[in-house]
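Asks: This structure is in structure tokens; I'll ask about it shortly.
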Amino acid sequence: MKTMARLCGLFMVGAIALLHANPLDYGGGPLNVIPAWNLPRGQVTVGLHSRAYFNDDVDVTAGDGDVAMTYWDIQGGMAVTYAFTSRFQLGLNQIIYQDNHKGGDGYNLPDDLYFTAKLGSIGRRTGSIRTGIQLDLRFPLAKEHNLLLEPYSAGRIGVGIRGLFSIVSEPLFPEFGINIHANFGFFNHNDLGLHIVENSSDTVSAKQNTQELFLGAAFSTAVDQFILFTELYGRTFLQKPPEPAYGRETSLYFSPGLSYAVNSWLRLRAALDFRLLGSDDETVYKSGETLYSVLPWKNVPNYPSWRITVGATAALRPSIQPMILAKQIEEDMRRARAADPDVIEHLSKERQETEKVEAELERIRLERQRMEELLEKLRTILETPPQPSSPQE
């Protein structure tokens, strides 16, 4: 029955979250800023997520009235993570579906595949500091790249690395305390010499590999079975993509969210992103008489001004979550108190008597120690020979 319940849960999660494009973290806290700790050794998690953005664009045309069009960016994906040891884990994140109102078929199915290797949980087991490092590889399985409303993608194998740092209040169960995270990452898009626009008249190619930086900070806290979190994360370039490319701007997002532990193996998550930087459009659409690409809207920026993300994480080999365990113990105590209050009263009186006896024993021990010190002083006085008095002159 438990196996069937887990399979049904995974199916339901897949039904509501079959839609994403950038890889997310699949723990209980922040989605974009990765914590420095790892899963417990031998644990396997399966994550699903969906992210969406919609916008109505109105074009006022002369003589024809207003023309309105709805544009969207919908993405969905799935990831599997396995912890080989308490400090080393591997992950595969497949972007299953990507649709951003592009011409032609208008979607990628599938989109790109991400591979991650994480060395984390570095630090004293009982300490409050965790550090780590993660390797990111992007494999271009999608048919379309250089997408509107998405971070820059070149359609080649890309490689990145990011440093991870966390401050935790519960060292043994870090996810269920108050935590502060920071990430600093570098990504090389490997697009040297690439013509990013599929246009026969495009003569612009990447003169250098596009190099991107990722910066992020997050805060999370556990409240009963909920984890509340906020993130501030963004991207900028050391070397920008070619001028005709989309997504050349520096971007910064603020993202509050929460996750809910349904039981010991299933957690639901949701977050809402708000763009703080990235409204400027730095794409060059035309040079002289050469048209590189067409802007399909009038008032929609290269990056979404907002977006919502929902998803879930299922642990195939779950560990007991301390908050859920504590809640079960509290419930058992409540039931016991309701079933036989006399027993609880008796145990409470016995505990008070025990505390009194322990206090009396401590008083006797201190008194005995004082008497022993006094006897030692007397013994010293008695054993010390008297000093002869000097003769009077």
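Letters A, B, ... go to the chains of the structure tokens in the order shown; residues in each chain start at 1; ligands are counted from 1 in the same order.
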Skipping near chain neighbours, those fewer than 5 positions away, what residues fall within 8 Å of Ala52 (chain A) using only C-alpha atoms, listed as a list in words?

Replies: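 Non-adjacent residues within range: His20, Trp72, Asp73, Ile74, Gln75, Arg307, Ile308 and Thr309 of chain A.
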
Asks: If you keep N, CA and C atoms, can you produce a file of those selected residues as a JSON list (two decimals), in the first residue's frame?

Replies:
```
[["chain", "number", "residue", "atom", "x", "y", "z"],
["A", 20, "HIS", "N", 9.01, 23.47, -17.42],
["A", 20, "HIS", "CA", 10.07, 24.38, -16.88],
["A", 20, "HIS", "C", 11.29, 24.55, -17.79],
["A", 72, "TRP", "N", 3.42, 34.30, -23.72],
["A", 72, "TRP", "CA", 3.66, 33.47, -22.53],
["A", 72, "TRP", "C", 5.04, 32.83, -22.58],
["A", 73, "ASP", "N", 5.44, 32.35, -21.43],
["A", 73, "ASP", "CA", 6.66, 31.56, -21.29],
["A", 73, "ASP", "C", 6.35, 30.46, -20.28],
["A", 74, "ILE", "N", 6.22, 29.24, -20.76],
["A", 74, "ILE", "CA", 5.83, 28.10, -19.93],
["A", 74, "ILE", "C", 6.91, 27.04, -20.03],
["A", 75, "GLN", "N", 7.33, 26.51, -18.89],
["A", 75, "GLN", "CA", 8.42, 25.55, -18.88],
["A", 75, "GLN", "C", 8.13, 24.46, -17.84],
["A", 307, "ARG", "N", 7.00, 35.85, -12.57],
["A", 307, "ARG", "CA", 6.74, 34.47, -12.96],
["A", 307, "ARG", "C", 6.45, 33.66, -11.71],
["A", 308, "ILE", "N", 5.65, 32.65, -11.87],
["A", 308, "ILE", "CA", 5.28, 31.79, -10.75],
["A", 308, "ILE", "C", 5.84, 30.39, -10.98],
["A", 309, "THR", "N", 6.31, 29.78, -9.91],
["A", 309, "THR", "CA", 6.89, 28.44, -9.97],
["A", 309, "THR", "C", 6.21, 27.56, -8.94]]
```

Asks: As JSON, numbers by chain, please: the residues near region 214-231 of chain A (cut-off 8 Å, only C-alpha atoms, same-chain neighbours under 3 positions excluded).

Replies: {"A": [28, 29, 30, 32, 33, 175, 176, 177, 178, 179, 180, 181, 182, 183, 184, 185, 186, 187, 234, 235, 236, 253, 254, 255, 256, 257, 258, 259, 260, 261, 262, 323, 324]}

Asks: Have a look at A:Trp265, A:His49, A:Tyr292, A:Tyr303 and name the one nearest to Asn100 (chain A); count only C-alpha atoms.

Replies: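 Selected residue with least distance to Asn100 (chain A): A:Tyr303.
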